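Colleague: Next comes target-v8.csv, CSV, C-alpha atoms:
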```
chain,number,residue,atom,x,y,z
A,1,MET,CA,20.9,30.6,5.2
A,2,ASP,CA,17.1,30.9,5.3
A,3,GLY,CA,17.1,33.0,2.1
A,4,LYS,CA,19.2,30.3,0.3
A,5,LEU,CA,16.9,27.6,1.6
A,6,ASP,CA,13.9,29.5,0.3
A,7,ARG,CA,15.5,29.9,-3.1
A,8,ALA,CA,16.2,26.1,-3.2
A,9,MET,CA,12.6,25.4,-2.2
A,10,ALA,CA,11.4,27.6,-5.0
A,11,VAL,CA,13.6,25.6,-7.5
A,12,LEU,CA,12.2,22.3,-6.2
A,13,ALA,CA,8.6,23.5,-6.3
A,14,ALA,CA,8.9,24.8,-9.8
A,15,SER,CA,9.9,21.3,-10.9
A,16,GLY,CA,6.2,20.3,-10.8
A,17,GLY,CA,5.8,19.0,-7.2
A,18,ASN,CA,4.7,22.3,-5.6
A,19,GLU,CA,2.2,20.9,-3.1
A,20,LEU,CA,4.3,18.0,-2.1
A,21,ILE,CA,7.4,20.1,-1.7
A,22,LYS,CA,5.4,22.6,0.5
A,23,THR,CA,4.2,19.7,2.7
A,24,LEU,CA,7.7,18.3,3.1
A,25,HIS,CA,9.1,21.7,3.8
A,26,SER,CA,6.4,22.6,6.4
A,27,ARG,CA,7.0,19.4,8.2
A,28,GLY,CA,10.8,20.0,8.4
A,29,ALA,CA,11.9,17.4,6.0
A,30,PHE,CA,14.6,19.6,4.4
A,31,LYS,CA,17.8,20.7,6.0
A,32,LEU,CA,20.5,22.9,4.4
A,33,SER,CA,24.0,22.7,5.7
A,34,ASP,CA,27.3,23.7,4.0
A,35,GLY,CA,25.7,23.6,0.5
A,36,LEU,CA,24.2,20.1,1.1
A,37,LEU,CA,20.4,20.1,1.0
A,38,THR,CA,19.2,16.9,2.7
A,39,LEU,CA,15.7,15.6,2.2
A,40,ARG,CA,14.8,13.2,4.9
A,41,LYS,CA,12.3,11.5,2.7
A,42,PRO,CA,9.3,10.1,4.7
A,43,PHE,CA,8.2,7.6,2.1
A,44,TYR,CA,9.9,5.3,-0.3
A,45,ALA,CA,9.6,6.7,-3.8
A,46,PRO,CA,13.0,6.5,-5.5
A,47,THR,CA,11.7,7.2,-9.0
A,48,TRP,CA,10.0,10.4,-7.8
A,49,PHE,CA,13.3,11.6,-6.1
A,50,ASP,CA,15.5,10.7,-9.1
A,51,THR,CA,13.2,12.7,-11.4
A,52,LEU,CA,13.2,15.6,-8.9
A,53,LYS,CA,17.0,15.6,-8.7
A,54,ALA,CA,17.4,15.4,-12.5
A,55,LYS,CA,15.1,18.3,-13.1
A,56,THR,CA,16.7,20.6,-10.5
A,57,GLN,CA,20.3,19.7,-10.1
A,58,VAL,CA,21.6,22.3,-12.6
A,59,LYS,CA,19.6,25.2,-11.0
A,60,LEU,CA,20.5,24.0,-7.5
A,61,ALA,CA,24.2,23.8,-8.5
A,62,ALA,CA,24.0,27.4,-9.6
A,63,LEU,CA,23.1,28.2,-6.0
A,64,GLY,CA,26.0,26.2,-4.7
A,65,ILE,CA,23.6,23.5,-3.5
A,66,THR,CA,23.6,19.7,-3.9
A,67,LEU,CA,20.4,17.7,-3.2
A,68,HIS,CA,20.8,14.6,-1.1
A,69,CYS,CA,18.3,12.1,0.3
A,70,GLN,CA,17.8,10.0,3.4
A,71,ASN,CA,14.9,7.6,3.8
A,72,GLN,CA,12.9,7.4,7.0
A,73,VAL,CA,9.3,6.5,6.5
A,74,ALA,CA,7.0,8.6,8.7
A,75,THR,CA,4.5,7.2,11.1
A,76,LEU,CA,1.2,8.8,10.2
A,77,GLN,CA,-1.9,9.4,12.3
A,78,SER,CA,-4.5,6.7,12.4
A,79,ASN,CA,-7.8,6.2,14.2
A,80,ILE,CA,-8.1,5.9,18.0
A,81,ALA,CA,-7.2,2.2,18.2
A,82,SER,CA,-4.1,1.3,20.2
A,83,PRO,CA,-0.9,1.0,18.0
A,84,ILE,CA,0.7,-2.3,17.0
A,85,ALA,CA,4.3,-2.5,18.2
A,86,GLY,CA,6.7,-1.9,15.3
A,87,ILE,CA,4.1,-1.1,12.6
A,88,LYS,CA,4.2,2.5,11.4
A,89,ASN,CA,1.3,2.5,9.0
A,90,VAL,CA,-1.7,0.2,8.3
A,91,LEU,CA,-3.2,0.3,4.8
A,92,VAL,CA,-6.3,-1.7,4.2
A,93,VAL,CA,-7.2,-2.7,0.7
A,94,ALA,CA,-10.9,-3.2,0.4
A,95,SER,CA,-13.8,-3.6,-2.0
A,96,GLY,CA,-17.6,-3.7,-1.7
A,97,LYS,CA,-17.9,-7.0,-3.5
A,98,GLY,CA,-15.8,-10.1,-4.4
A,99,GLY,CA,-14.4,-10.9,-7.8
A,100,VAL,CA,-12.7,-7.5,-8.5
A,101,GLY,CA,-9.2,-8.8,-8.0
A,102,LYS,CA,-8.6,-7.2,-4.7
A,103,SER,CA,-6.2,-9.9,-3.4
A,104,THR,CA,-4.2,-9.7,-6.6
A,105,VAL,CA,-3.9,-5.9,-6.1
A,106,SER,CA,-3.1,-6.3,-2.4
A,107,VAL,CA,-0.2,-8.7,-2.9
A,108,ASN,CA,1.3,-7.0,-5.9
A,109,LEU,CA,1.1,-3.6,-4.2
A,110,ALA,CA,2.7,-4.9,-1.1
A,111,LEU,CA,5.5,-6.4,-3.0
A,112,ALA,CA,6.0,-3.3,-5.1
A,113,LEU,CA,6.3,-1.2,-1.9
A,114,ALA,CA,9.0,-3.7,-0.8
A,115,VAL,CA,10.8,-3.4,-4.1
A,116,LYS,CA,10.9,0.3,-3.6
A,117,GLY,CA,12.7,-0.2,-0.4
A,118,ALA,CA,10.1,-0.3,2.3
A,119,LYS,CA,9.7,-2.9,5.1
A,120,VAL,CA,6.3,-4.4,4.4
A,121,GLY,CA,4.0,-7.0,5.9
A,122,ILE,CA,0.8,-8.5,4.6
A,123,LEU,CA,-2.2,-9.5,6.7
A,124,ASP,CA,-4.7,-11.7,5.0
A,125,ALA,CA,-7.9,-10.6,6.8
A,126,ASP,CA,-10.2,-12.9,4.8
A,127,ILE,CA,-11.0,-15.5,7.5
A,128,TYR,CA,-13.4,-17.4,5.3
A,129,GLY,CA,-11.4,-17.4,2.1
A,130,PRO,CA,-7.7,-16.8,2.7
A,131,SER,CA,-5.7,-16.5,-0.5
A,132,MET,CA,-2.3,-15.2,0.6
A,133,PRO,CA,-0.7,-18.6,1.3
A,134,LEU,CA,-1.3,-19.6,-2.3
A,135,MET,CA,-0.4,-16.3,-3.9
A,136,LEU,CA,2.9,-16.1,-1.9
A,137,GLY,CA,3.8,-19.7,-2.8
A,138,GLN,CA,3.6,-20.7,0.9
A,139,SER,CA,0.6,-23.1,1.0
A,140,GLU,CA,2.4,-25.6,3.2
A,141,ALA,CA,4.0,-23.0,5.6
A,142,LYS,CA,3.1,-22.9,9.3
A,143,PRO,CA,4.0,-20.0,11.6
A,144,GLU,CA,6.5,-20.9,14.4
A,145,SER,CA,6.2,-19.8,18.0
A,146,HIS,CA,9.2,-19.3,20.3
A,147,ASP,CA,7.2,-18.5,23.4
A,148,GLY,CA,3.9,-20.4,23.0
A,149,LYS,CA,2.0,-17.0,23.0
A,150,THR,CA,3.0,-15.2,19.8
A,151,MET,CA,3.9,-16.4,16.3
A,152,LEU,CA,6.4,-15.5,13.7
A,153,PRO,CA,5.1,-14.4,10.3
A,154,ILE,CA,5.9,-16.3,7.2
A,155,LYS,CA,8.6,-14.8,5.0
A,156,ALA,CA,8.2,-14.7,1.2
A,157,HIS,CA,9.5,-12.6,-1.6
A,158,GLY,CA,10.9,-9.9,0.7
A,159,VAL,CA,7.8,-9.4,2.8
A,160,VAL,CA,6.4,-11.0,5.9
A,161,ALA,CA,2.8,-12.3,6.1
A,162,ASN,CA,0.2,-14.0,8.2
A,163,SER,CA,-3.2,-15.5,7.5
A,164,ILE,CA,-5.7,-17.9,8.9
A,165,GLY,CA,-4.7,-20.0,5.9
A,166,PHE,CA,-1.4,-20.7,7.6
A,167,LEU,CA,-3.1,-21.9,10.7
A,168,VAL,CA,-5.7,-24.3,9.4
A,169,ASP,CA,-5.6,-27.1,6.9
A,170,LYS,CA,-5.8,-25.7,3.4
A,171,ASN,CA,-8.8,-27.9,2.6
A,172,ASP,CA,-10.8,-27.1,5.8
A,173,ALA,CA,-13.8,-24.7,5.6
A,174,THR,CA,-13.8,-22.0,8.3
A,175,VAL,CA,-17.4,-22.2,9.6
A,176,TRP,CA,-17.5,-19.5,12.2
A,177,ARG,CA,-20.0,-16.8,13.1
A,178,GLY,CA,-19.0,-13.2,12.7
A,179,PRO,CA,-17.8,-12.4,16.3
A,180,MET,CA,-15.6,-15.5,16.3
A,181,ALA,CA,-14.1,-14.6,13.0
A,182,SER,CA,-13.5,-11.1,14.2
A,183,LYS,CA,-11.8,-12.4,17.3
A,184,ALA,CA,-9.6,-14.7,15.3
A,185,LEU,CA,-8.5,-11.8,13.1
A,186,ALA,CA,-7.7,-9.6,16.0
A,187,GLN,CA,-5.6,-12.4,17.5
A,188,ILE,CA,-3.6,-13.0,14.3
A,189,LEU,CA,-2.9,-9.3,14.0
A,190,ARG,CA,-1.9,-8.7,17.6
A,191,GLU,CA,-0.1,-11.9,18.3
A,192,THR,CA,2.1,-11.9,15.3
A,193,GLN,CA,5.7,-10.7,15.8
A,194,TRP,CA,5.7,-8.5,12.8
A,195,GLY,CA,9.0,-6.8,13.5
A,196,GLU,CA,9.7,-3.2,12.3
A,197,LEU,CA,7.4,-2.4,9.4
A,198,ASP,CA,6.9,0.8,7.4
A,199,TYR,CA,3.6,-0.5,6.0
A,200,LEU,CA,1.2,-3.4,6.9
A,201,VAL,CA,-1.0,-4.0,3.9
A,202,VAL,CA,-4.3,-5.7,4.9
A,203,ASP,CA,-6.1,-7.7,2.3
A,204,MET,CA,-9.7,-7.3,3.4
A,205,PRO,CA,-12.6,-9.6,2.7
A,206,PRO,CA,-15.4,-8.3,0.5
A,207,GLY,CA,-18.4,-6.5,2.0
A,208,THR,CA,-19.1,-4.3,5.0
A,209,GLY,CA,-19.6,-6.7,7.9
A,210,ASP,CA,-18.0,-7.7,11.1
A,211,ILE,CA,-14.5,-8.1,9.8
A,212,GLN,CA,-14.5,-4.6,8.3
A,213,LEU,CA,-15.8,-3.1,11.5
A,214,THR,CA,-13.2,-4.9,13.6
A,215,MET,CA,-10.4,-3.5,11.4
A,216,ALA,CA,-11.9,0.0,11.5
A,217,GLN,CA,-12.6,0.1,15.2
A,218,GLN,CA,-9.9,-2.0,16.8
A,219,VAL,CA,-6.9,-1.5,14.5
A,220,PRO,CA,-4.9,1.7,14.0
A,221,VAL,CA,-5.8,2.0,10.3
A,222,THR,CA,-4.0,4.8,8.6
A,223,SER,CA,-6.1,4.8,5.4
A,224,ALA,CA,-8.1,2.6,3.1
A,225,LEU,CA,-7.6,1.9,-0.6
A,226,ILE,CA,-10.8,0.8,-2.5
A,227,VAL,CA,-10.5,-1.6,-5.4
A,228,THR,CA,-13.3,-1.7,-8.0
A,229,THR,CA,-13.9,-2.7,-11.6
A,230,PRO,CA,-15.4,-0.3,-14.0
A,231,GLN,CA,-18.9,-1.8,-14.4
A,232,ASN,CA,-21.9,-0.4,-12.5
A,233,VAL,CA,-22.6,-3.4,-10.3
A,234,ALA,CA,-19.0,-3.2,-8.9
A,235,LEU,CA,-19.2,0.6,-8.5
A,236,ALA,CA,-22.4,0.4,-6.5
A,237,ASP,CA,-20.8,-1.9,-4.0
A,238,ALA,CA,-17.5,0.1,-3.9
A,239,THR,CA,-19.6,3.2,-3.0
A,240,LYS,CA,-20.9,1.3,0.0
A,241,GLY,CA,-17.3,0.5,1.0
A,242,ILE,CA,-16.4,4.1,0.8
A,243,ASN,CA,-19.4,5.2,2.8
A,244,MET,CA,-18.6,2.6,5.5
A,245,PHE,CA,-15.0,3.8,6.0
A,246,THR,CA,-16.3,7.4,6.1
A,247,LYS,CA,-18.8,6.5,8.9
A,248,VAL,CA,-16.1,4.9,11.0
A,249,ASN,CA,-13.6,7.8,10.4
A,250,VAL,CA,-11.1,5.9,8.3
A,251,PRO,CA,-9.8,8.1,5.5
A,252,VAL,CA,-10.1,6.8,2.0
A,253,LEU,CA,-6.8,7.2,0.2
A,254,GLY,CA,-8.2,6.6,-3.3
A,255,LEU,CA,-9.5,4.0,-5.7
A,256,VAL,CA,-7.9,1.5,-8.0
A,257,GLU,CA,-9.8,0.6,-11.1
A,258,ASN,CA,-8.8,-3.0,-11.7
A,259,MET,CA,-9.5,-4.9,-14.9
A,260,SER,CA,-9.8,-1.5,-16.6
A,261,MET,CA,-8.9,-2.9,-20.0
A,262,HIS,CA,-8.4,-6.4,-21.3
A,263,VAL,CA,-5.1,-6.9,-23.1
A,264,CYS,CA,-4.8,-9.8,-25.5
A,265,SER,CA,-1.7,-11.8,-24.6
A,266,GLN,CA,-1.3,-12.8,-28.3
A,267,CYS,CA,-1.7,-9.5,-30.2
A,268,GLY,CA,-1.9,-6.8,-27.6
A,269,HIS,CA,-5.4,-5.6,-28.6
A,270,GLU,CA,-7.1,-3.7,-25.8
A,271,GLU,CA,-10.8,-4.0,-25.1
A,272,ALA,CA,-12.9,-2.5,-22.3
A,273,ILE,CA,-14.8,-5.7,-21.3
A,274,PHE,CA,-16.2,-4.1,-18.1
A,275,ASP,CA,-16.9,-0.7,-19.5
A,276,GLN,CA,-14.7,2.4,-19.2
A,277,GLY,CA,-13.8,5.0,-16.6
A,278,GLY,CA,-16.1,3.9,-13.9
A,279,GLY,CA,-13.4,4.1,-11.2
A,280,VAL,CA,-12.4,7.6,-12.2
A,281,THR,CA,-16.0,8.8,-12.2
A,282,LEU,CA,-16.6,7.2,-8.7
A,283,ALA,CA,-13.4,8.8,-7.3
A,284,HIS,CA,-14.5,12.2,-8.5
A,285,ALA,CA,-17.9,11.8,-7.1
A,286,HIS,CA,-16.3,11.3,-3.6
A,287,ASN,CA,-13.7,14.0,-4.0
A,288,SER,CA,-11.1,11.3,-4.2
A,289,GLU,CA,-8.6,10.1,-6.8
A,290,CYS,CA,-8.3,7.1,-9.0
A,291,LEU,CA,-4.7,6.1,-8.4
A,292,ALA,CA,-4.4,3.5,-11.1
A,293,GLN,CA,-6.2,1.8,-13.9
A,294,LEU,CA,-4.8,-1.7,-14.1
A,295,PRO,CA,-5.3,-4.0,-17.0
A,296,LEU,CA,-7.0,-7.4,-17.1
A,297,HIS,CA,-4.3,-9.8,-18.2
A,298,ARG,CA,-3.8,-13.5,-17.8
A,299,GLN,CA,-0.3,-13.2,-16.5
A,300,TYR,CA,-1.5,-11.6,-13.3
A,301,ARG,CA,-3.6,-14.7,-12.7
A,302,GLU,CA,-1.0,-17.2,-13.8
A,303,ASP,CA,1.7,-15.7,-11.6
A,304,THR,CA,-0.3,-15.5,-8.4
A,305,ASP,CA,-1.6,-19.0,-9.0
A,306,ALA,CA,2.0,-20.1,-9.2
A,307,GLY,CA,2.9,-18.3,-6.0
A,308,THR,CA,5.2,-15.7,-7.7
A,309,PRO,CA,3.2,-12.5,-8.2
A,310,THR,CA,3.9,-10.6,-11.3
A,311,VAL,CA,6.0,-7.9,-9.5
A,312,ILE,CA,8.4,-10.6,-8.5
A,313,LYS,CA,8.1,-12.9,-11.6
A,314,SER,CA,8.5,-10.2,-14.2
A,315,PRO,CA,9.8,-7.1,-12.5
A,316,ASP,CA,10.7,-5.2,-15.7
A,317,SER,CA,7.4,-5.9,-17.5
A,318,PRO,CA,4.8,-3.2,-18.1
A,319,LEU,CA,2.4,-5.1,-15.9
A,320,SER,CA,4.8,-4.8,-13.0
A,321,GLN,CA,5.6,-1.2,-13.8
A,322,ALA,CA,1.9,-0.4,-13.3
A,323,TYR,CA,2.2,-1.6,-9.7
A,324,LEU,CA,5.5,0.1,-9.1
A,325,GLU,CA,4.0,3.4,-10.1
A,326,LEU,CA,1.0,2.7,-7.9
A,327,ALA,CA,3.3,1.9,-5.0
A,328,GLU,CA,5.0,5.3,-5.2
A,329,LYS,CA,1.6,7.1,-5.6
A,330,VAL,CA,0.3,5.3,-2.5
A,331,ALA,CA,3.4,6.1,-0.4
A,332,ILE,CA,3.4,9.7,-1.4
A,333,LYS,CA,-0.4,10.3,-1.0
A,334,LEU,CA,-0.5,8.6,2.4
A,335,TYR,CA,2.1,11.1,3.5
A,336,GLN,CA,0.3,14.1,1.9
A,337,ASP,CA,-3.2,13.2,3.1
A,338,CYS,CA,-2.4,12.1,6.7
A,339,ALA,CA,-1.0,14.2,9.6
A,340,LEU,CA,2.1,13.0,11.3
A,341,GLY,CA,1.7,10.7,14.3
A,342,VAL,CA,4.2,10.1,17.0
A,343,GLN,CA,7.5,9.5,15.3
A,344,THR,CA,9.8,6.7,16.3
A,345,ILE,CA,13.6,6.6,16.1
A,346,SER,CA,14.7,4.2,13.4
A,347,VAL,CA,17.8,3.4,11.3
A,348,VAL,CA,18.0,5.8,8.4
A,349,SER,CA,19.1,4.4,5.0
A,350,VAL,CA,20.9,6.7,2.7
A,351,ASP,CA,20.3,6.9,-1.1
```
Would it be possible to restate this file's structure as structure tokens?
Modeller:
Amino acid sequence: MDGKLDRAMAVLAASGGNELIKTLHSRGAFKLSDGLLTLRKPFYAPTWFDTLKAKTQVKLAALGITLHCQNQVATLQSNIASPIAGIKNVLVVASGKGGVGKSTVSVNLALALAVKGAKVGILDADIYGPSMPLMLGQSEAKPESHDGKTMLPIKAHGVVANSIGFLVDKNDATVWRGPMASKALAQILRETQWGELDYLVVDMPPGTGDIQLTMAQQVPVTSALIVTTPQNVALADATKGINMFTKVNVPVLGLVENMSMHVCSQCGHEEAIFDQGGGVTLAHAHNSECLAQLPLHRQYREDTDAGTPTVIKSPDSPLSQAYLELAEKVAIKLYQDCALGVQTISVVSVD
């Protein structure tokens, strides 16, 4: 049986996913029984699996093997902070400066992960300038509480979310010193009944101050995703963000170069308004990876302003496809880069 499994692994590795197949195999994700090779897939990446199956099914059939998949997202190791009940993985989306489209990336990435099949929550960690209520089309929503101690998150577009923006009047300014803002964020995070989540995506405020340190030191962060634009002023601040996470022992998953290319909505002409390739260069300088180069397009802005982000509004468009591809890359790379944590028993969905 082991020899047959080894031959099957060789076929899968030869399909182009050698390192990932090795990681999955070493962590016991494959099981062969009576000609059925089951992959207990620890991340939601259906396009990746469909491609793998299409490339290998003829050769596997020659071995008398059929490839099958079960989904069970893995809980990955995080920093030393105590875990949050029900949440397997916490991904913070950060930037060194404002104005790079980080919130747009956060919400569309979270929704793309949900479209791929994952259970996803969004935490809006920007206490001073929360944007998730508007972007999710829930500006008037208020969390309910059944026990007077905890609150239920707001449901929108297949994800759950919470934000200081749901708790205060939308026109009020949050005038708090750093420690108070940090305490408020910790309360929102810990006192929300998130339910069972594969991923909690955290939309961080810009900078490297109290909020960032609170998240890094008091929250079980699995990894950080850095958003930048290609020009030098954004790259300089993104570098500070990378260095901050490194100092507090939070692994950086990779970078997203947003507004990489402006696409004219009328003629489709592309122009590099904010320079070219800066995110790729920065990623290489830090031995990391640029996971996506996303265009600057008015539809992203229009859709989030209307409360229906592009991944939901136009799921089949090229603009949405960019985020769906990013979602699979993020899910896979999280699994590859991070060691397994303590696994929990959960219901397994079958492809």
Colleague: To one decimal place in Å, what is the distance between atom CA of A:Gly17 and atom CA of A:Pro42?
Modeller: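 Going from atom CA of A:Gly17 over to atom CA of A:Pro42 covers 15.3 Å.
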Colleague: A:Arg7, A:His157, A:His284, A:Lys116: which is nearest A:Thr47, counting all atoms listed in the file?
Modeller: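 For A:Thr47, the nearest of the given residues is A:Lys116.
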Colleague: With distances taken over all atoms listed in the file, which residue among A:Leu291, A:Leu52, A:Ile21, A:Ala8 lies nearest A:Gly35?
Modeller: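 Of A:Leu291, A:Leu52, A:Ile21, A:Ala8, the one nearest A:Gly35, counting all atoms listed in the file, is A:Ala8.
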Colleague: Determine the nearest neighbour of A:Pro251 from the options A:Gly148, A:Pro220, A:Gly28, A:Gly158, counting only C-alpha atoms.
Modeller: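 For A:Pro251, the nearest of the given residues is A:Pro220.
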Colleague: Using only C-alpha atoms, which residue out of A:Thr38, A:Thr104, A:Thr304, A:Gln193 lies closest to A:Asn258?
Modeller: A:Thr104
Colleague: I'd like the box whose edges run along x, y and z of the file and which contains every listed atom of stretch 217-236 of chain A, padded by 6 Å per side; could you state its centre and edge lengths in Å, one decimal, as AutoDock Vina command-line options?
Modeller:
```
--center_x -13.3 --center_y 0.7 --center_z 1.2 --size_x 30.6 --size_y 20.2 --size_z 43.2
```
Colleague: What is the atom CA of A:Ile65 to atom CA of A:His25 distance in Å?
Modeller: 16.3 Å
Colleague: Tell me which of A:Val115, A:Val160, A:Val107, A:Leu91 sits closest to A:Thr222, counting only C-alpha atoms.
Modeller: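 Between A:Val115, A:Val160, A:Val107, A:Leu91, the residue approaching A:Thr222 most closely is A:Leu91.
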Colleague: Using atom CA of A:Phe49 and atom CA of A:Arg27 as the two end points, give the distance in Å to one decimal.
Modeller: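 Value for the atom CA of A:Phe49-atom CA of A:Arg27 distance: 17.5 Å.
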Colleague: Excluding A:Ala161 and any residue of its chain fewer than 4 positions from it, enumerate the residues within 10 Å of it, using only C-alpha atoms, and give them as a VMD selection string.
Modeller: chain A and resid 120 to 124 132 to 133 136 138 143 152 to 156 166 192 194 200 to 202
Colleague: Excluding stretch 44-46 of chain A and its own-chain neighbours fewer than 5 positions away, which residues fall within 7 Å of it when counting only C-alpha atoms? Please give them as a VMD selection string.
Modeller: chain A and resid 71 73 116 to 118 328 331
